[in-house]
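*Asks:* Pasting start.cif below, which is mmCIF, C-alpha atoms and all ligand atoms.
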```
data_my_file
#
loop_
_atom_site.label_atom_id
_atom_site.label_comp_id
_atom_site.auth_asym_id
_atom_site.auth_seq_id
_atom_site.Cartn_x
_atom_site.Cartn_y
_atom_site.Cartn_z
CA MET J 1 9.10 -52.29 -65.28
CA MET J 2 11.09 -49.59 -63.58
CA ASN J 3 12.34 -46.37 -64.99
CA HIS J 4 16.08 -46.83 -64.78
CA THR J 5 16.88 -43.26 -65.71
CA THR J 6 16.22 -41.98 -62.19
CA HIS J 7 17.48 -43.05 -58.79
CA SER J 8 15.97 -46.48 -58.46
CA SER J 9 17.93 -48.86 -56.31
CA VAL J 10 19.92 -46.58 -54.03
CA ALA J 11 19.99 -47.91 -50.50
CA ALA J 12 20.05 -44.64 -48.64
CA PRO J 13 22.69 -44.50 -45.90
CA PRO J 14 21.46 -44.49 -42.32
CA ASP J 15 23.56 -41.64 -41.00
CA GLN J 16 24.95 -39.39 -43.63
CA LEU J 17 23.21 -38.25 -46.74
CA VAL J 18 25.02 -38.99 -49.96
CA ALA J 19 22.11 -40.31 -52.03
CA PRO J 20 19.66 -37.88 -53.62
CA PRO J 21 16.67 -37.19 -51.40
CA ILE J 22 13.80 -39.66 -51.74
CA ALA J 23 11.08 -37.78 -53.63
CA MET J 24 7.33 -37.91 -52.92
CA PHE J 25 6.52 -38.60 -56.58
CA THR J 26 8.32 -39.40 -59.79
CA THR J 27 7.04 -39.50 -63.35
CA PHE J 28 7.01 -42.97 -64.87
CA VAL J 29 8.10 -43.07 -68.51
CA HIS J 30 8.45 -46.56 -69.96
CA PRO J 31 11.81 -47.19 -71.68
CA GLU J 32 9.95 -47.91 -74.95
CA ALA J 33 7.94 -44.68 -74.86
CA ALA J 34 10.44 -42.56 -76.79
CA GLN J 35 10.39 -44.99 -79.70
CA ARG J 36 6.60 -45.13 -79.77
CA VAL J 37 6.20 -41.36 -79.68
CA GLN J 38 8.94 -40.96 -82.29
CA ALA J 39 6.99 -43.23 -84.64
CA VAL J 40 3.94 -40.98 -84.30
CA LEU J 41 6.01 -37.87 -85.00
CA GLN J 42 7.41 -39.53 -88.11
CA SER J 43 3.93 -40.51 -89.28
CA THR J 44 2.89 -36.82 -88.88
CA PHE J 45 -0.54 -38.03 -87.77
CA LEU J 46 -0.38 -36.28 -84.41
CA SER J 47 -3.97 -35.59 -83.40
CA GLU J 48 -6.76 -37.96 -82.36
CA GLY J 49 -6.63 -41.15 -84.40
CA LYS J 50 -6.07 -44.86 -84.19
CA LEU J 51 -3.69 -44.75 -81.21
CA VAL J 52 -6.31 -42.97 -79.11
CA LYS J 53 -8.75 -45.77 -80.03
CA GLU J 54 -6.15 -48.41 -79.18
CA PHE J 55 -5.40 -46.71 -75.85
CA GLU J 56 -9.13 -46.66 -75.02
CA ALA J 57 -9.47 -50.33 -75.95
CA ARG J 58 -6.67 -51.22 -73.55
CA LEU J 59 -8.07 -49.10 -70.72
CA SER J 60 -11.24 -51.05 -71.16
CA ALA J 61 -9.70 -54.52 -71.56
CA GLU J 62 -6.96 -54.24 -68.93
CA LEU J 63 -8.37 -51.85 -66.33
CA GLY J 64 -12.07 -52.66 -66.65
CA MET J 65 -13.16 -49.14 -67.61
CA VAL J 66 -16.55 -48.93 -69.33
CA HIS J 67 -16.76 -46.75 -72.50
CA PRO J 68 -13.56 -44.84 -71.67
CA ALA J 69 -13.22 -41.66 -73.73
CA ALA J 70 -9.63 -40.41 -73.71
CA LEU J 71 -9.43 -36.68 -73.04
CA ASN J 72 -6.73 -34.05 -72.66
CA SER J 73 -6.98 -33.90 -68.84
CA GLY J 74 -8.72 -35.24 -65.77
CA THR J 75 -10.21 -31.80 -65.23
CA SER J 76 -11.73 -31.94 -68.73
CA ALA J 77 -13.24 -35.31 -67.78
CA LEU J 78 -14.83 -33.84 -64.64
CA HIS J 79 -16.14 -30.83 -66.56
CA LEU J 80 -17.57 -32.90 -69.39
CA ALA J 81 -19.22 -35.28 -66.90
CA LEU J 82 -21.06 -32.35 -65.33
CA GLU J 83 -22.06 -31.03 -68.78
CA VAL J 84 -23.39 -34.38 -69.96
CA ALA J 85 -25.24 -34.80 -66.65
CA GLY J 86 -26.90 -31.49 -67.48
CA ILE J 87 -25.64 -29.75 -64.35
CA GLY J 88 -25.67 -25.97 -64.66
CA PRO J 89 -26.52 -22.63 -63.08
CA GLY J 90 -28.34 -22.90 -59.75
CA ASP J 91 -27.55 -26.59 -59.27
CA GLU J 92 -25.57 -28.05 -56.39
CA VAL J 93 -23.00 -30.85 -56.26
CA ILE J 94 -22.05 -32.47 -52.96
CA LEU J 95 -18.41 -33.43 -52.49
CA ALA J 96 -15.69 -33.75 -49.88
CA PRO J 97 -13.04 -31.03 -49.53
CA GLN J 98 -10.17 -33.54 -49.26
CA THR J 99 -9.13 -33.29 -52.91
CA PHE J 100 -7.42 -31.07 -55.46
CA ILE J 101 -9.27 -27.89 -56.47
CA ALA J 102 -10.02 -29.42 -59.90
CA SER J 103 -12.92 -31.40 -58.37
CA ALA J 104 -14.77 -28.26 -57.28
CA ILE J 105 -13.58 -25.72 -59.86
CA VAL J 106 -15.45 -27.57 -62.60
CA VAL J 107 -18.66 -27.23 -60.56
CA VAL J 108 -18.12 -23.46 -60.50
CA GLN J 109 -17.24 -23.50 -64.22
CA VAL J 110 -20.70 -24.86 -65.12
CA GLY J 111 -22.36 -22.24 -62.89
CA ALA J 112 -23.27 -24.67 -60.11
CA THR J 113 -22.29 -24.58 -56.43
CA PRO J 114 -19.98 -27.05 -54.68
CA VAL J 115 -21.54 -28.10 -51.36
CA PHE J 116 -18.96 -29.60 -49.02
CA ALA J 117 -19.73 -32.61 -46.85
CA ASP J 118 -17.42 -33.95 -44.19
CA ILE J 119 -14.90 -36.75 -44.61
CA GLN J 120 -14.02 -39.85 -42.64
CA TYR J 121 -10.94 -38.97 -40.60
CA GLU J 122 -9.70 -42.55 -41.04
CA THR J 123 -9.61 -42.46 -44.87
CA GLY J 124 -9.96 -38.88 -46.17
CA ASN J 125 -13.00 -39.99 -48.19
CA LEU J 126 -16.53 -38.55 -48.27
CA ASP J 127 -18.54 -39.68 -45.22
CA PRO J 128 -21.88 -41.11 -46.46
CA ALA J 129 -23.43 -40.19 -43.08
CA ASP J 130 -22.85 -36.48 -43.76
CA ILE J 131 -24.48 -36.28 -47.20
CA GLU J 132 -28.23 -36.61 -46.87
CA HIS J 133 -28.98 -33.56 -44.68
CA ARG J 134 -27.17 -31.41 -47.27
CA ILE J 135 -29.44 -32.45 -50.15
CA THR J 136 -31.81 -29.73 -51.40
CA ALA J 137 -34.15 -29.38 -54.38
CA ARG J 138 -31.13 -28.02 -56.29
CA THR J 139 -28.80 -30.97 -55.60
CA LYS J 140 -27.99 -32.86 -58.82
CA ALA J 141 -24.98 -35.02 -58.05
CA ILE J 142 -22.66 -36.51 -55.46
CA MET J 143 -18.99 -36.45 -56.39
CA ALA J 144 -16.92 -39.17 -54.76
CA VAL J 145 -13.16 -38.55 -54.70
CA HIS J 146 -11.12 -41.66 -53.95
CA TRP J 147 -8.43 -40.08 -51.79
CA GLY J 148 -4.99 -41.53 -52.50
CA GLY J 149 -6.63 -44.24 -54.63
CA TYR J 150 -8.71 -45.83 -51.83
CA PRO J 151 -12.31 -46.28 -53.03
CA CYS J 152 -15.11 -44.42 -51.23
CA ASP J 153 -18.07 -46.23 -49.64
CA LEU J 154 -19.78 -46.53 -53.01
CA ASP J 155 -22.70 -48.77 -51.93
CA GLU J 156 -23.79 -46.26 -49.30
CA ILE J 157 -23.28 -43.30 -51.66
CA HIS J 158 -25.25 -45.03 -54.44
CA ALA J 159 -28.11 -45.83 -52.06
CA ILE J 160 -28.41 -42.13 -51.17
CA ALA J 161 -28.16 -41.11 -54.83
CA ARG J 162 -30.92 -43.57 -55.79
CA ARG J 163 -33.23 -42.34 -53.03
CA HIS J 164 -32.89 -38.74 -54.21
CA GLY J 165 -32.46 -39.22 -57.96
CA LEU J 166 -28.89 -37.90 -58.06
CA PHE J 167 -25.99 -38.67 -60.35
CA VAL J 168 -22.85 -40.22 -58.88
CA ILE J 169 -19.64 -38.85 -60.39
CA GLU J 170 -16.39 -40.43 -59.27
CA ASP J 171 -13.20 -38.39 -59.28
CA ALA J 172 -10.91 -41.37 -59.73
CA ALA J 173 -7.80 -39.34 -60.58
CA HIS J 174 -5.92 -41.36 -57.93
CA ALA J 175 -7.65 -44.67 -58.56
CA PRO J 176 -6.98 -46.36 -61.94
CA GLY J 177 -6.82 -50.09 -61.32
CA ALA J 178 -8.59 -49.87 -57.96
CA THR J 179 -11.51 -52.19 -57.21
CA TYR J 180 -14.57 -51.95 -54.99
CA LYS J 181 -16.10 -55.28 -53.89
CA GLY J 182 -14.44 -56.92 -56.87
CA ARG J 183 -15.63 -54.38 -59.44
CA ALA J 184 -13.26 -52.09 -61.33
CA ILE J 185 -13.35 -48.38 -60.63
CA GLY J 186 -14.59 -47.00 -63.94
CA SER J 187 -17.45 -49.52 -64.19
CA ILE J 188 -19.66 -48.60 -61.23
CA SER J 189 -21.06 -45.04 -61.27
CA ASP J 190 -22.86 -42.87 -63.85
CA PHE J 191 -19.56 -41.10 -64.56
CA THR J 192 -15.98 -41.89 -63.57
CA CYS J 193 -13.13 -39.48 -64.26
CA PHE J 194 -9.45 -40.43 -64.50
CA SER J 195 -6.31 -38.32 -64.84
CA PHE J 196 -3.17 -39.16 -66.81
CA GLN J 197 -1.25 -36.13 -65.55
CA ALA J 198 2.53 -36.49 -65.14
CA ILE J 199 2.69 -37.72 -61.54
CA LYS J 200 -0.38 -39.97 -61.68
CA HIS J 201 -0.03 -43.78 -62.09
CA LEU J 202 -0.41 -43.85 -65.84
CA THR J 203 0.69 -40.72 -67.61
CA THR J 204 0.20 -39.40 -71.13
CA GLY J 205 2.04 -36.19 -70.14
CA ASP J 206 -1.35 -34.64 -69.58
CA GLY J 207 -4.56 -36.49 -70.24
CA GLY J 208 -7.61 -38.11 -68.76
CA ALA J 209 -10.52 -40.43 -69.41
CA LEU J 210 -14.25 -40.19 -68.84
CA CYS J 211 -16.32 -43.35 -68.44
CA ALA J 212 -20.09 -42.93 -68.81
CA LEU J 213 -21.97 -46.15 -68.02
CA ASP J 214 -25.04 -45.33 -70.11
CA PRO J 215 -24.30 -45.92 -73.83
CA GLU J 216 -26.30 -42.85 -74.93
CA ARG J 217 -24.41 -40.60 -72.53
CA ALA J 218 -21.14 -42.23 -73.60
CA ARG J 219 -21.95 -41.33 -77.24
CA GLN J 220 -22.52 -37.78 -76.08
CA VAL J 221 -19.14 -37.77 -74.34
CA PHE J 222 -17.37 -38.90 -77.53
CA ARG J 223 -19.20 -36.28 -79.62
CA ARG J 224 -18.80 -33.40 -77.20
CA ARG J 225 -15.10 -34.03 -76.57
CA TRP J 226 -14.59 -32.68 -80.10
CA PHE J 227 -16.75 -29.56 -80.45
CA GLY J 228 -19.99 -31.58 -80.52
CA ILE J 229 -19.32 -33.00 -83.99
CA ASP J 230 -19.92 -36.70 -84.52
CA ARG J 231 -16.89 -37.30 -86.73
CA ALA J 232 -17.82 -40.84 -87.70
CA ASN J 233 -21.15 -39.62 -89.13
CA SER J 234 -20.10 -36.30 -90.63
CA PRO J 235 -18.50 -37.07 -94.00
CA ILE J 236 -16.45 -34.44 -95.80
CA SER J 237 -18.47 -33.06 -98.70
CA GLU J 238 -17.33 -32.41 -102.27
CA ILE J 239 -16.71 -28.74 -101.48
CA GLY J 240 -14.36 -29.82 -98.71
CA GLU J 241 -16.02 -29.41 -95.36
CA ARG J 242 -17.56 -31.88 -92.93
CA GLU J 243 -21.34 -32.00 -93.04
CA TYR J 244 -22.77 -31.54 -89.57
CA ASP J 245 -25.27 -29.52 -87.63
CA LEU J 246 -24.14 -28.41 -84.21
CA THR J 247 -26.92 -28.97 -81.67
CA ASP J 248 -25.16 -28.38 -78.36
CA VAL J 249 -21.91 -27.06 -76.97
CA GLY J 250 -18.83 -29.24 -77.29
CA TYR J 251 -15.21 -28.76 -76.32
CA LYS J 252 -11.74 -29.38 -77.64
CA TYR J 253 -11.00 -32.04 -75.05
CA HIS J 254 -9.79 -35.01 -77.12
CA LEU J 255 -6.45 -36.72 -76.50
CA SER J 256 -3.85 -36.72 -79.29
CA ASP J 257 -2.13 -39.73 -80.82
CA TYR J 258 1.36 -38.68 -79.72
CA ALA J 259 0.10 -38.58 -76.11
CA ALA J 260 -1.75 -41.88 -76.57
CA ALA J 261 1.55 -43.41 -77.76
CA LEU J 262 3.09 -42.49 -74.40
CA GLY J 263 0.01 -43.86 -72.63
CA LEU J 264 0.21 -47.13 -74.57
CA ALA J 265 3.90 -47.54 -73.70
CA ASN J 266 3.12 -46.86 -70.04
CA MET J 267 0.32 -49.47 -70.10
CA GLU J 268 3.05 -52.11 -70.55
CA GLY J 269 3.70 -53.69 -67.18
CA PHE J 270 1.01 -51.62 -65.48
CA GLN J 271 -0.24 -54.57 -63.38
CA GLU J 272 3.32 -55.45 -62.34
CA ARG J 273 3.91 -51.86 -61.27
CA MET J 274 0.69 -52.00 -59.25
CA SER J 275 1.81 -55.20 -57.52
CA ARG J 276 5.11 -53.57 -56.66
CA ARG J 277 3.20 -50.64 -55.15
CA ARG J 278 1.06 -53.04 -53.12
CA ALA J 279 4.20 -54.83 -51.87
CA LEU J 280 5.77 -51.51 -50.82
CA VAL J 281 2.55 -50.57 -49.03
CA ARG J 282 2.53 -53.91 -47.15
CA GLN J 283 6.14 -53.28 -46.18
CA TYR J 284 5.23 -49.81 -44.88
CA GLN J 285 2.18 -51.20 -43.02
CA THR J 286 4.16 -53.92 -41.31
CA GLY J 287 7.11 -51.68 -40.53
CA LEU J 288 5.02 -48.85 -39.10
CA ALA J 289 2.46 -50.89 -37.13
CA GLY J 290 2.44 -49.81 -33.50
CA VAL J 291 4.72 -46.77 -33.90
CA PRO J 292 3.61 -44.37 -31.14
CA GLY J 293 2.06 -41.09 -32.31
CA LEU J 294 1.25 -42.49 -35.74
CA GLN J 295 -1.96 -43.93 -37.19
CA LEU J 296 -2.07 -45.26 -40.75
CA LEU J 297 -5.05 -44.42 -42.96
CA ARG J 298 -7.60 -47.24 -42.77
CA HIS J 299 -7.97 -49.85 -45.50
CA GLN J 300 -10.88 -52.31 -45.50
CA PRO J 301 -10.45 -55.70 -47.17
CA ASP J 302 -13.59 -55.34 -49.36
CA ARG J 303 -11.84 -52.96 -51.73
CA GLU J 304 -8.37 -52.55 -53.17
CA SER J 305 -6.71 -49.18 -53.31
CA ALA J 306 -4.70 -48.06 -56.33
CA HIS J 307 -2.22 -46.78 -53.72
CA TRP J 308 -1.38 -43.49 -55.35
CA LEU J 309 -0.45 -42.20 -51.89
CA PHE J 310 0.71 -43.72 -48.64
CA GLY J 311 -0.96 -41.73 -45.89
CA MET J 312 -1.11 -41.54 -42.12
CA HIS J 313 -1.92 -39.25 -39.23
CA VAL J 314 0.92 -38.12 -36.96
CA GLU J 315 1.28 -36.13 -33.80
CA ASN J 316 3.63 -33.09 -33.99
CA ARG J 317 3.45 -33.10 -37.78
CA LEU J 318 5.92 -30.30 -38.42
CA ASP J 319 8.57 -32.09 -36.34
CA PHE J 320 7.81 -35.26 -38.31
CA ILE J 321 8.29 -33.48 -41.64
CA ARG J 322 11.53 -31.86 -40.44
CA ALA J 323 12.93 -35.13 -39.07
CA LEU J 324 12.31 -36.87 -42.41
CA LYS J 325 13.66 -33.96 -44.43
CA ALA J 326 16.86 -33.92 -42.35
CA ARG J 327 17.37 -37.58 -43.34
CA GLY J 328 16.63 -36.98 -47.03
CA VAL J 329 13.02 -38.16 -47.12
CA ALA J 330 10.22 -36.03 -48.56
CA ALA J 331 6.82 -35.91 -46.86
CA SER J 332 3.74 -33.96 -47.88
CA VAL J 333 0.12 -33.31 -47.02
CA VAL J 334 -0.41 -33.31 -50.83
CA HIS J 335 -3.62 -31.29 -50.39
CA ASP J 336 -5.38 -29.53 -47.54
CA GLY J 337 -9.18 -29.34 -47.50
CA ILE J 338 -10.01 -27.13 -50.50
CA ASP J 339 -13.06 -25.47 -48.96
CA HIS J 340 -10.78 -22.77 -47.47
CA ASN J 341 -10.51 -21.11 -50.89
CA THR J 342 -12.45 -17.84 -51.27
CA LEU J 343 -13.91 -19.09 -54.56
CA PHE J 344 -15.54 -21.97 -52.69
CA GLY J 345 -16.83 -19.81 -49.85
CA GLY J 346 -14.04 -20.09 -47.25
CA LYS J 347 -13.10 -22.58 -44.55
CA ARG J 348 -16.02 -24.48 -42.93
CA PRO J 349 -15.33 -24.97 -39.20
CA GLU J 350 -18.35 -27.30 -39.00
CA LEU J 351 -16.53 -29.91 -41.11
CA VAL J 352 -14.98 -31.26 -37.95
CA GLN J 353 -13.29 -34.36 -39.39
CA GLN J 354 -11.85 -32.41 -42.33
CA ARG J 355 -10.38 -29.86 -39.90
CA ARG J 356 -8.87 -32.68 -37.79
CA PHE J 357 -7.53 -34.29 -40.99
CA ASP J 358 -5.93 -30.97 -42.04
CA GLU J 359 -3.97 -30.89 -38.77
CA THR J 360 -2.51 -34.40 -38.70
CA GLN J 361 -2.48 -36.01 -42.16
CA ILE J 362 0.84 -36.66 -43.91
CA HIS J 363 2.06 -38.82 -46.79
CA THR J 364 5.45 -40.45 -47.35
CA PRO J 365 7.00 -41.38 -50.73
CA LEU J 366 5.26 -43.96 -52.92
CA HIS J 367 6.09 -44.24 -56.62
CA ASP J 368 7.46 -46.51 -59.32
CA ASP J 369 11.09 -45.63 -58.69
CA LEU J 370 10.92 -46.37 -54.96
CA SER J 371 12.85 -49.47 -53.83
CA ALA J 372 12.19 -51.83 -50.92
CA GLU J 373 15.54 -50.68 -49.46
CA GLN J 374 14.36 -47.10 -49.52
CA VAL J 375 11.10 -48.04 -47.80
CA SER J 376 13.14 -49.87 -45.12
CA TYR J 377 15.20 -46.74 -44.68
CA ILE J 378 12.10 -44.53 -44.40
CA ILE J 379 10.59 -46.91 -41.83
CA GLU J 380 13.83 -46.81 -39.86
CA VAL J 381 13.88 -43.00 -39.90
CA ILE J 382 10.25 -42.85 -38.70
CA THR J 383 10.64 -45.49 -35.98
CA GLN J 384 13.61 -43.56 -34.58
CA GLY J 385 11.08 -40.85 -33.68
CA TRP J 386 10.53 -37.14 -34.38
C1 LIG J 401 -4.83 -34.73 -60.68
C2 LIG J 401 -6.20 -34.55 -60.16
C3 LIG J 401 -7.25 -34.01 -60.94
C4 LIG J 401 -7.02 -33.31 -62.22
O1 LIG J 401 -6.42 -34.03 -63.19
P1 LIG J 401 -5.65 -33.26 -64.37
O2 LIG J 401 -5.38 -34.38 -65.31
O3 LIG J 401 -4.42 -32.65 -63.78
O4 LIG J 401 -6.58 -32.25 -64.94
C5 LIG J 401 -8.53 -34.04 -60.44
N1 LIG J 401 -8.80 -34.51 -59.22
C6 LIG J 401 -7.82 -34.99 -58.41
C7 LIG J 401 -8.21 -35.53 -57.08
C8 LIG J 401 -6.50 -35.00 -58.86
O5 LIG J 401 -5.53 -35.45 -58.05
#
```
Take the structure I supplied and represent it as structure tokens, if you would.

*Replies:*
Amino acid sequence: MMNHTTHSSVAAPPDQLVAPPIAMFTTFVHPEAAQRVQAVLQSTFLSEGKLVKEFEARLSAELGMVHPAALNSGTSALHLALEVAGIGPGDEVILAPQTFIASAIVVVQVGATPVFADIQYETGNLDPADIEHRITARTKAIMAVHWGGYPCDLDEIHAIARRHGLFVIEDAAHAPGATYKGRAIGSISDFTCFSFQAIKHLTTGDGGALCALDPERARQVFRRRWFGIDRANSPISEIGEREYDLTDVGYKYHLSDYAAALGLANMEGFQERMSRRRALVRQYQTGLAGVPGLQLLRHQPDRESAHWLFGMHVENRLDFIRALKARGVAASVVHDGIDHNTLFGGKRPELVQQRRFDETQIHTPLHDDLSAEQVSYIIEVITQGW
């Protein structure tokens, strides 16, 4: 279902701009969300409770996530995954720079070092061929970020991880509902991390989920998302405090019921919203095929993207951005390769495909409030040249 409170069906005029500009992202809030959240506020049971459980059950039943633990952010999910994997000082995690800084900052937070491998220019995803020569005795995990929602080459990445005894952690912040060779993202690797931040597909305001395949590790995730206390098995004693013995470090990373209420409302019609996104992407693909100076990011038929972004490479990118902006259409690189940050050691010239990607990649609007008429308009603006 669409969010009718924002510009939704405006056919933008070809020549003069009277409609509001077409944004890169919007935040989807289901019309029933206010009522659901209001009910939680009235109940005064705000923190983690039965709605968090219900939200997790639906993530599992409807999106195929295994043991999803709802957390307060995607970054918390990434951090807790590293903690439960036992990654710490002196260890190394291999990942691609084409992501948001959250993917690598958590590696630094646990005292480990992010080691950047190159990407595939055609997708923005980690190139399996550039991983193995970076593995050392300190390497503990490979982190696979599904750029824009398009799944990485997981078979190849898993084969390398198996050969070297490494964990595979997926940063699936862009990829809820995506599939790889028919399997749901969230059911494939040791750990999969999702984000429910405001501009992601399925928002709880802020929030996330961590899926640990192994049941023992999943139990650890549920315990350590709340200080390390197993609430179900720590009854409150007669003198009024829970009985527990803390054995390892936990965090205050749980999701709250008022946020879960928003998440549950936004789960309604999720698959329909995904089909709309896929239809808009097909429209873009057909409309932009063969446009000179433009190459769409590659999609293979053995996996289905969650289509968080619609991306391409263009020649004369700044002119492209300016031409779209002049006609009321936003465009964005979303993120440049994050390795350039001082914290991560500075820009790596040897990551040749990442550097090429940084120069030519661009994304055009794709979100739940975008109409087919608007996509036609954007295609028309692009095909007129820049
Ligand atoms: C959004 C995002 C995150 C972080 O998620 P939060 O919920 O904002 O903490 C991590 N990785 C990527 C690739 C993201 O886009």

*Asks:* What would the list of residues within 8 Å of (14.1, -44.5, -49.8) (file frame) look like as a list in words, if all atoms listed in the file are what count?

*Replies:*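 It turns out the residues near that spot are Val10, Ala11, Ala12, Pro21, Ile22, Val329, Pro365, Leu370, Ser371, Ala372, Glu373, Gln374, Val375, Ser376, Tyr377 and Ile378 of chain J.
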
*Asks:* So what do you get for CA of Met312 (chain J) versus atom O1 of ligand LIG 401 (chain J), distance-wise?

*Replies:* 23.0 Å

*Asks:* Return the single residue from J:Arg242, J:Arg224, J:His363, J:His146 that is closest to ligand LIG 401 (chain J), with distances computed using only C-alpha atoms and all ligand atoms.

*Replies:*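 Ranked by minimum distance to ligand LIG 401 (chain J), first place goes to J:His146.
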
*Asks:* Record the distance separating CA of Tyr150 (chain J) and CA of Gly269 (chain J), expressed in Å with one decimal.

*Replies:*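 CA of Tyr150 (chain J) sits 21.2 Å away from CA of Gly269 (chain J).
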
*Asks:* Distance CA of Gly177 (chain J)-CA of Leu296 (chain J), one decimal place?

*Replies:*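 Going from CA of Gly177 (chain J) over to CA of Leu296 (chain J) covers 21.7 Å.
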
*Asks:* Show me, as a list of chain:residue names, the residues that have an atom within 8 Å of Ala104 (chain J) when counting only C-alpha atoms, minus same-chain residues fewer than 2 positions from it.

*Replies:*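 Neighbouring residues, sequence-local ones excluded: J:Leu95, J:Ile101, J:Ala102, J:Val106, J:Val107, J:Val108, J:Pro114, J:Phe344.
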
*Asks:* Place N, CA and C atoms on region 228-247 of chain J and deliver the coordinates as an mmCIF file, in the coordinates of the input.

*Replies:*
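To be explicit, this is the file written out as result-v7.cif:
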```cif
data_model
loop_
_atom_site.group_PDB
_atom_site.id
_atom_site.type_symbol
_atom_site.label_atom_id
_atom_site.label_comp_id
_atom_site.auth_asym_id
_atom_site.auth_seq_id
_atom_site.Cartn_x
_atom_site.Cartn_y
_atom_site.Cartn_z
ATOM 1 N N GLY J 228 -18.586 -31.187 -80.367
ATOM 2 C CA GLY J 228 -19.990 -31.580 -80.520
ATOM 3 C C GLY J 228 -20.261 -32.143 -81.908
ATOM 4 N N ILE J 229 -19.178 -32.431 -82.633
ATOM 5 C CA ILE J 229 -19.320 -33.000 -83.990
ATOM 6 C C ILE J 229 -19.103 -34.508 -83.919
ATOM 7 N N ASP J 230 -20.050 -35.254 -84.440
ATOM 8 C CA ASP J 230 -19.920 -36.700 -84.520
ATOM 9 C C ASP J 230 -19.094 -37.010 -85.774
ATOM 10 N N ARG J 231 -17.790 -37.171 -85.578
ATOM 11 C CA ARG J 231 -16.890 -37.300 -86.730
ATOM 12 C C ARG J 231 -17.209 -38.497 -87.620
ATOM 13 N N ALA J 232 -17.578 -39.612 -86.941
ATOM 14 C CA ALA J 232 -17.820 -40.840 -87.700
ATOM 15 C C ALA J 232 -19.007 -40.656 -88.662
ATOM 16 N N ASN J 233 -19.952 -39.799 -88.287
ATOM 17 C CA ASN J 233 -21.150 -39.620 -89.130
ATOM 18 C C ASN J 233 -21.238 -38.222 -89.738
ATOM 19 N N SER J 234 -20.090 -37.601 -89.964
ATOM 20 C CA SER J 234 -20.100 -36.300 -90.630
ATOM 21 C C SER J 234 -19.064 -36.321 -91.758
ATOM 22 N N PRO J 235 -19.452 -36.923 -92.893
ATOM 23 C CA PRO J 235 -18.500 -37.070 -94.000
ATOM 24 C C PRO J 235 -18.090 -35.696 -94.566
ATOM 25 N N ILE J 236 -16.916 -35.684 -95.181
ATOM 26 C CA ILE J 236 -16.450 -34.440 -95.800
ATOM 27 C C ILE J 236 -17.074 -34.344 -97.203
ATOM 28 N N SER J 237 -17.722 -33.224 -97.448
ATOM 29 C CA SER J 237 -18.470 -33.060 -98.700
ATOM 30 C C SER J 237 -17.524 -32.743 -99.860
ATOM 31 N N GLU J 238 -18.110 -32.671 -101.067
ATOM 32 C CA GLU J 238 -17.330 -32.410 -102.270
ATOM 33 C C GLU J 238 -16.655 -31.035 -102.224
ATOM 34 N N ILE J 239 -17.318 -30.076 -101.554
ATOM 35 C CA ILE J 239 -16.710 -28.740 -101.480
ATOM 36 C C ILE J 239 -15.698 -28.649 -100.341
ATOM 37 N N GLY J 240 -15.516 -29.759 -99.611
ATOM 38 C CA GLY J 240 -14.360 -29.820 -98.710
ATOM 39 C C GLY J 240 -14.601 -29.507 -97.267
ATOM 40 N N GLU J 241 -15.822 -29.567 -96.802
ATOM 41 C CA GLU J 241 -16.020 -29.410 -95.360
ATOM 42 C C GLU J 241 -16.904 -30.527 -94.832
ATOM 43 N N ARG J 242 -16.694 -30.872 -93.549
ATOM 44 C CA ARG J 242 -17.560 -31.880 -92.930
ATOM 45 C C ARG J 242 -19.000 -31.400 -92.933
ATOM 46 N N GLU J 243 -19.909 -32.339 -93.117
ATOM 47 C CA GLU J 243 -21.340 -32.000 -93.040
ATOM 48 C C GLU J 243 -21.843 -32.341 -91.649
ATOM 49 N N TYR J 244 -22.229 -31.318 -90.918
ATOM 50 C CA TYR J 244 -22.770 -31.540 -89.570
ATOM 51 C C TYR J 244 -23.643 -30.370 -89.202
ATOM 52 N N ASP J 245 -24.469 -30.597 -88.193
ATOM 53 C CA ASP J 245 -25.270 -29.520 -87.630
ATOM 54 C C ASP J 245 -25.020 -29.546 -86.129
ATOM 55 N N LEU J 246 -24.459 -28.485 -85.628
ATOM 56 C CA LEU J 246 -24.140 -28.410 -84.210
ATOM 57 C C LEU J 246 -25.439 -28.203 -83.426
ATOM 58 N N THR J 247 -25.670 -29.082 -82.432
ATOM 59 C CA THR J 247 -26.920 -28.970 -81.670
ATOM 60 C C THR J 247 -26.687 -28.596 -80.211
#
```
